[in-house]
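Remarks on the structure that follows.
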Protein chains: 2
Amino acid sequence: MLHLQLLLLIFGGKFVGVKLGILGLGTVGTGTVQLLQDTVGRHPLLQEIEIYKVGVRSLDKPREVKLTDAVLTTDLEAIVTDPNVEIVVEVMGGLEPARSLILKAISHGKHVVTANKAAISRFGDEIFTAANQAGVYVMLEAAVGGGIPVIQPLKQSLSVNRIHAVTGIVNGTTNYILTRMQTEGSNFSDVLADAQKFGYAEADPTADVDGFDAADKIAILASLAFGGRINLEQVYCEGIRQVSRTDIAYAEKLGFVIKLLAIARITTSCSPLTPSSPPTLSVRVHPTLVPKTHPLANINGVNNAILTEGEPLGQVMFFGPGAGAGATASAVSSDILNLVATLKTQKTGTLLNPLYACRHQDYCQIAPMEEQVTRFYTRFLTKDQPGVIGKLGTCFGKYGVSLESIVQTGFQEKLAEIVVVTYDVREGDFRQALAEIRTLEAIDSIPSLLRVL
Amino acid sequence: MLHLQLLLLIFGGKFVGVKLGILGLGTVGTGTVQLLQDTVGRHPLLQEIEIYKVGVRSLDKPREVKLTDAVLTTDLEAIVTDPNVEIVVEVMGGLEPARSLILKAISHGKHVVTANKAAISRFGDEIFTAANQAGVYVMLEAAVGGGIPVIQPLKQSLSVNRIHAVTGIVNGTTNYILTRMQTEGSNFSDVLADAQKFGYAEADPTADVDGFDAADKIAILASLAFGGRINLEQVYCEGIRQVSRTDIAYAEKLGFVIKLLAIARITTSCSPLTPSSPPTLSVRVHPTLVPKTHPLANINGVNNAILTEGEPLGQVMFFGPGAGAGATASAVSSDILNLVATLKTQKTGTLLNPLYACRHQDYCQIAPMEEQVTRFYTRFLTKDQPGVIGKLGTCFGKYGVSLESIVQTGFQEKLAEIVVVTYDVREGDFRQALAEIRTLEAIDSIPSLLRVL
């Protein structure tokens, strides 16, 4: 209480807090209000924050939090233009009106805290350019990894490193589905139906299971890790619908688990001649065979984890709950706390703290997928003829594809099943080999093609 | 280069960087100088830092880094009092003269970056009191967890949570030894000798294997997580010398691995009447049976990991290299970068940023060990008499100790070996039961007593 008393003294008995305008009172908004209304045992600076306005769609809806009539409003425009509001907290989600409200808040000199990965990954260019011009901060810890502190460490602690790669399990729904397929030997569609029943997957699961949510998040992580903007349309994105329990079982035997990984990796370092221009990257989301000994292999259920590799640090991993009201409220509130602490001590009308503001303006080059170098796992169904393995091996060899293993695993009806794992290969070369293999008379089909970490 | 050009413009062509005085040029000091001298591909703000003075013991020693004669000096006092030096980086280690130099730097208005867990855990009270009075920051990311960003996240992102517990594998040497004992079935003394040969353990391994290094670190983590100072002498500390391969093998069969854990946990929350007074804690270091499914069970070799549990966040874990020149240099440099960014934008002569400065002044109460509630694993050697298990069970029951399992595992020479795992029990009650069991005629000895997470 000392802190509060001191403040009361300073301001002659009148409590002056930092005024928040919160846009949205859904799961995340409610969690954030609950946290801010119950500050005992948390950082004392939270007591200096005032929930001044909360914008909602309906005033009549029953709410889990108590807010006075003066605080609740349906006029969201009025919040982002209100001269009393210092920080706008956008937790409504979706693209519009979120984007317009964020931009209007910025143009009115408000700092912004947002959990909106979809808006930031699409409109980050516009939003950060506006923010830097207006001299305000846009904070987004909650946009990636739920409650895991990863955005702020990337901006601050890790940025002294040359980051080589950021690899994450950043979508809880797909990790939950893959974990259950792995442990129960179930089919994708059965587990998805179950996940929908329990609220772990949306009624329309596209954004999660097709990898779009993970793509939004890796675009954001890559932009922070590598100091350049990312064109979301250039992020390769492949979901988990085609992952079968058969492949999960074979992967298991070969010493792997299958995870939906979001990967951003340097392919060409920045030139010493232009050291401040962003590097060329590989940025992609796809189901991946992860060796069981790899730190990401043990991340199960709805948890998220982000692994960063850099020089001289080596590998650092952050692990925790990737979603949920409490975890996201923790991340949103930590951004608010950071802003309040910074604003208290920052010179007025001056530069933004370069570790909080967005520092990049240029776009990263994204290497095309055929230039990626990775390992592959492929499953073939072939006619039961002698010499098929030899033909496969010859064809791969022709395109410079080295094989780590080639195993006939058994029969599916009358077809022989062959599983191939390659060493690192340029994806374009591998695709060419595969195109030629498809034309072989002995090949019935290629039911599975997955990348290997 | 844009950044630098801008600066050159601002200052009329004269480059004015933030001047560092570095104390010590051992492994960590050399790693830090290497990082700061090679800034391409790292945060551009690093280009604004000047290595102004480096204090060493001998000017003649060959060095891995190039520094001019004007930079190198043996006069460390002159560095901490030099009016040009803004930030003093203490990477010499040890208690004295590190403590005196840190205090003198503070009294001369320098901000301090230190990797010195031993000095901070012992003299933190004195150092932070002086720093708050002088209006300077003392940063210590490198003191715990090597390169893992954990100090800054605890201060910033996680502090909106009510932290319940911080549990860590914070000593790489002991984790390396226990991992090898586990995977190879070797003895402690053999692995220690090997670790010393390979440089993973010191010639005098006491600080590591007896848990003192881990105790320093958990004292620092607890003070940050719970907002109160920790009296290091009250931290219970038990090393790994008595961990036998027999117990590792039994633990394995029961579904556990043995890890040296550093644990800080709230036993009594702060009172709503005095919400700003620190809570009562349990703070301890001891070998612990960790369930194989627990996130800390998979942390192997010289790696470190810190698991934080809080409300509303849940569990968050940070994992990475716990030691080494590169990792520690990354942490030291990130503190320097944070300071440079903050100083650039901070009002002069004002409050310190409350998320960077030390906010606590009071000491946490530490609950005595007999009040701790935990599970136990105990191994007994008993005479081969009928009814021994019954006698053990009766005696435990008398003191309210509930048993999860009691198994006769075999024979050691003519003695029967019995392994007991309890449910949660007050340590004082368990010790009383054990004292009575020791007096039983059938009991030969109690070779092992370990706690279970």
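Within each chain, counting starts at residue 1; across the structure tokens, chains are named A, B, ... in the order shown, with ligands numbered 1 upward in that order.
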Practice task
Quick one: everything within 6 Å of region 194-209 of chain B, counting only C-alpha atoms, minus sequence neighbours fewer than 3 positions away in the same chain. Send it as a list in words.
Solution key: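 Here the answer would be Thr173, Thr174, Val191, Phe212, Asp213, Gly239 and Ile240 of chain B.
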Selection from above, C-alpha atoms, as a PDB file, in the first residue's frame, can you write it?
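Contents of out21.pdb, freshly written:
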ATOM      1  CA  THR B 173      27.404 -29.471 -13.509  1.00  0.00           C
ATOM      2  CA  THR B 174      25.127 -31.488 -11.242  1.00  0.00           C
ATOM      3  CA  VAL B 191      31.186 -39.415 -13.291  1.00  0.00           C
ATOM      4  CA  PHE B 212      25.570 -23.924  -2.901  1.00  0.00           C
ATOM      5  CA  ASP B 213      25.559 -22.473  -6.427  1.00  0.00           C
ATOM      6  CA  GLY B 239      23.794 -31.677  -2.664  1.00  0.00           C
ATOM      7  CA  ILE B 240      24.008 -34.796  -4.795  1.00  0.00           C
TER       8      ILE B 240
END
Practice task
Apply DSSP to the structure's backbone, then extract all residues of region 229-422 of chain A labelled strand (DSSP E) and return them as an MDAnalysis selection string.
Solution key: chainID A and resid 236:237 256:268 280:291 303:311 314:321 365:366 373:383 403:412 415:422
Handout entry: For Val56 (chain A): contacts at 8 Å, only C-alpha atoms, fewer than 6 positions along chain excluded, given as a count of residues only
Key = 8
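Between CA of Ile299 (chain B) and CA of Arg375 (chain B) lies a distance of 21.4 Å.
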Problem - Who sits within 12 Å of Met317 (chain A), only C-alpha atoms, same chain under 3 positions skipped, as an NGL selection string - result: (:A and (145 or 148-150 or 153-154 or 158 or 165-169 or 294-296 or 299 or 304-310 or 313-314 or 320)) or (:B and (147-150 or 299 or 303-307 or 316-321))
May I have the residues from that selection written out with N, CA and C atoms, as a compact mmCIF listing (two decimals), in the first residue's frame?
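Produced file result_17.txt, reproduced below:
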# COMPACT_ATOMS: atom_id res chain seq x y z
N GLY A 145 1.84 -17.41 -28.64
CA GLY A 145 2.25 -18.22 -27.48
C GLY A 145 1.45 -17.96 -26.22
N ILE A 148 2.99 -17.28 -22.67
CA ILE A 148 4.45 -17.45 -22.65
C ILE A 148 5.12 -16.13 -23.01
N PRO A 149 6.01 -15.62 -22.16
CA PRO A 149 6.72 -14.41 -22.55
C PRO A 149 7.70 -14.76 -23.65
N VAL A 150 7.39 -14.34 -24.89
CA VAL A 150 8.31 -14.64 -26.00
C VAL A 150 8.55 -13.41 -26.86
N PRO A 153 11.03 -11.03 -24.73
CA PRO A 153 12.40 -11.56 -24.78
C PRO A 153 13.05 -11.47 -26.16
N LEU A 154 12.27 -11.70 -27.23
CA LEU A 154 12.84 -11.57 -28.58
C LEU A 154 13.27 -10.13 -28.85
N LEU A 158 17.04 -11.41 -26.42
CA LEU A 158 17.64 -12.25 -27.45
C LEU A 158 18.21 -11.45 -28.61
N ALA A 165 17.38 -19.23 -36.31
CA ALA A 165 16.10 -19.89 -36.54
C ALA A 165 15.18 -19.72 -35.34
N VAL A 166 13.88 -19.64 -35.65
CA VAL A 166 12.84 -19.69 -34.62
C VAL A 166 11.89 -20.80 -35.05
N THR A 167 11.69 -21.78 -34.19
CA THR A 167 10.86 -22.92 -34.52
C THR A 167 9.85 -23.10 -33.40
N GLY A 168 8.57 -23.18 -33.77
CA GLY A 168 7.60 -23.23 -32.69
C GLY A 168 6.46 -24.20 -32.92
N ILE A 169 5.93 -24.69 -31.80
CA ILE A 169 4.61 -25.29 -31.77
C ILE A 169 3.72 -24.18 -31.24
N HIS A 294 14.51 -34.32 -29.54
CA HIS A 294 14.49 -32.87 -29.75
C HIS A 294 13.60 -32.21 -28.68
N PRO A 295 14.00 -31.03 -28.17
CA PRO A 295 13.19 -30.39 -27.11
C PRO A 295 11.71 -30.22 -27.49
N LEU A 296 11.40 -30.00 -28.77
CA LEU A 296 10.00 -29.78 -29.15
C LEU A 296 9.19 -31.07 -29.19
N ILE A 299 6.57 -31.61 -26.26
CA ILE A 299 5.55 -30.59 -26.01
C ILE A 299 4.20 -31.17 -26.43
N ASN A 304 2.13 -24.78 -25.95
CA ASN A 304 2.94 -24.19 -27.01
C ASN A 304 4.40 -24.16 -26.56
N ALA A 305 5.31 -24.11 -27.52
CA ALA A 305 6.72 -23.90 -27.19
C ALA A 305 7.39 -23.21 -28.37
N ILE A 306 8.32 -22.32 -28.07
CA ILE A 306 9.05 -21.62 -29.11
C ILE A 306 10.54 -21.79 -28.83
N LEU A 307 11.25 -22.34 -29.82
CA LEU A 307 12.68 -22.59 -29.70
C LEU A 307 13.42 -21.59 -30.56
N THR A 308 14.36 -20.87 -29.95
CA THR A 308 15.15 -19.88 -30.68
C THR A 308 16.60 -20.34 -30.72
N GLU A 309 17.20 -20.27 -31.89
CA GLU A 309 18.62 -20.62 -32.02
C GLU A 309 19.38 -19.40 -32.48
N GLY A 310 20.46 -19.10 -31.77
CA GLY A 310 21.22 -17.91 -32.14
C GLY A 310 22.67 -18.03 -31.72
N LEU A 313 24.32 -17.57 -28.27
CA LEU A 313 23.53 -18.15 -27.18
C LEU A 313 23.35 -19.65 -27.29
N GLY A 314 23.11 -20.15 -28.51
CA GLY A 314 22.71 -21.55 -28.65
C GLY A 314 21.20 -21.64 -28.65
N GLY A 320 4.81 -23.21 -22.47
CA GLY A 320 3.70 -22.86 -21.58
C GLY A 320 2.36 -22.97 -22.28
N GLY B 147 22.36 -18.12 -20.38
CA GLY B 147 21.80 -17.28 -21.43
C GLY B 147 20.29 -17.25 -21.47
N ILE B 148 19.63 -18.04 -20.63
CA ILE B 148 18.16 -18.10 -20.67
C ILE B 148 17.60 -16.79 -20.15
N PRO B 149 16.75 -16.11 -20.92
CA PRO B 149 16.13 -14.90 -20.37
C PRO B 149 15.12 -15.31 -19.30
N VAL B 150 15.45 -15.09 -18.05
CA VAL B 150 14.51 -15.46 -16.98
C VAL B 150 14.36 -14.34 -15.96
N ILE B 299 14.97 -32.41 -18.92
CA ILE B 299 16.07 -31.44 -19.04
C ILE B 299 17.36 -32.18 -18.70
N ASN B 303 22.20 -28.46 -19.55
CA ASN B 303 21.12 -27.49 -19.71
C ASN B 303 20.50 -27.10 -18.37
N ASN B 304 19.91 -25.94 -18.37
CA ASN B 304 19.15 -25.44 -17.23
C ASN B 304 17.70 -25.25 -17.66
N ALA B 305 16.79 -25.24 -16.70
CA ALA B 305 15.39 -24.89 -16.99
C ALA B 305 14.77 -24.31 -15.73
N ILE B 306 13.91 -23.33 -15.91
CA ILE B 306 13.23 -22.72 -14.78
C ILE B 306 11.74 -22.74 -15.07
N LEU B 307 10.98 -23.35 -14.16
CA LEU B 307 9.54 -23.48 -14.30
C LEU B 307 8.86 -22.54 -13.32
N VAL B 316 4.80 -21.97 -16.87
CA VAL B 316 5.64 -21.51 -17.97
C VAL B 316 7.06 -21.97 -17.69
N MET B 317 7.75 -22.52 -18.68
CA MET B 317 9.11 -22.98 -18.46
C MET B 317 10.07 -22.35 -19.46
N PHE B 318 11.25 -21.99 -18.97
CA PHE B 318 12.33 -21.44 -19.78
C PHE B 318 13.47 -22.44 -19.78
N PHE B 319 13.98 -22.76 -20.96
CA PHE B 319 14.99 -23.82 -21.10
C PHE B 319 16.15 -23.34 -21.95
N GLY B 320 17.37 -23.74 -21.61
CA GLY B 320 18.51 -23.37 -22.44
C GLY B 320 19.83 -23.67 -21.78
N PRO B 321 20.92 -23.19 -22.40
CA PRO B 321 22.25 -23.46 -21.86
C PRO B 321 22.47 -22.67 -20.57
Nearby residues (only C-alpha atoms) at most 10 Å from region 436-444 of chain B, same-chain spacing under 5 positions excluded, as a PDB file with C-alpha atoms, in the first residue's frame:
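Final file, selection.pdb:
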ATOM      1  CA  PHE B 380      15.627 -49.219   4.260  1.00  0.00           C
ATOM      2  CA  LEU B 381      17.904 -52.195   4.886  1.00  0.00           C
ATOM      3  CA  THR B 382      16.212 -54.554   7.340  1.00  0.00           C
ATOM      4  CA  LYS B 383      16.840 -57.922   8.876  1.00  0.00           C
ATOM      5  CA  ASP B 384      15.077 -60.643   6.976  1.00  0.00           C
ATOM      6  CA  GLN B 385      12.288 -61.133   9.502  1.00  0.00           C
ATOM      7  CA  PRO B 386       8.590 -61.663   8.856  1.00  0.00           C
ATOM      8  CA  GLY B 387       6.399 -58.641   9.566  1.00  0.00           C
ATOM      9  CA  VAL B 388       8.976 -55.899   8.921  1.00  0.00           C
ATOM     10  CA  LYS B 391       6.082 -52.655  11.501  1.00  0.00           C
ATOM     11  CA  LEU B 392       7.195 -49.897   9.125  1.00  0.00           C
ATOM     12  CA  GLY B 393       3.609 -49.247   8.052  1.00  0.00           C
ATOM     13  CA  THR B 394       2.376 -49.087  11.648  1.00  0.00           C
ATOM     14  CA  CYS B 395       5.095 -46.697  12.680  1.00  0.00           C
ATOM     15  CA  PHE B 396       4.454 -44.360   9.730  1.00  0.00           C
ATOM     16  CA  TYR B 399       2.738 -40.145  12.818  1.00  0.00           C
ATOM     17  CA  LEU B 415      19.615 -57.738   4.469  1.00  0.00           C
ATOM     18  CA  ALA B 416      16.229 -57.157   2.876  1.00  0.00           C
ATOM     19  CA  GLU B 417      15.868 -53.898   0.973  1.00  0.00           C
ATOM     20  CA  ARG B 431      11.287 -37.225  10.620  1.00  0.00           C
TER      21      ARG B 431
END
Exercise for the section: Enumerate, as number ranges by chain, the complete set of residues in region 11-69 of chain A that a backbone-based DSSP assignment places in alpha helix (DSSP H). Expected result: A: 27-36
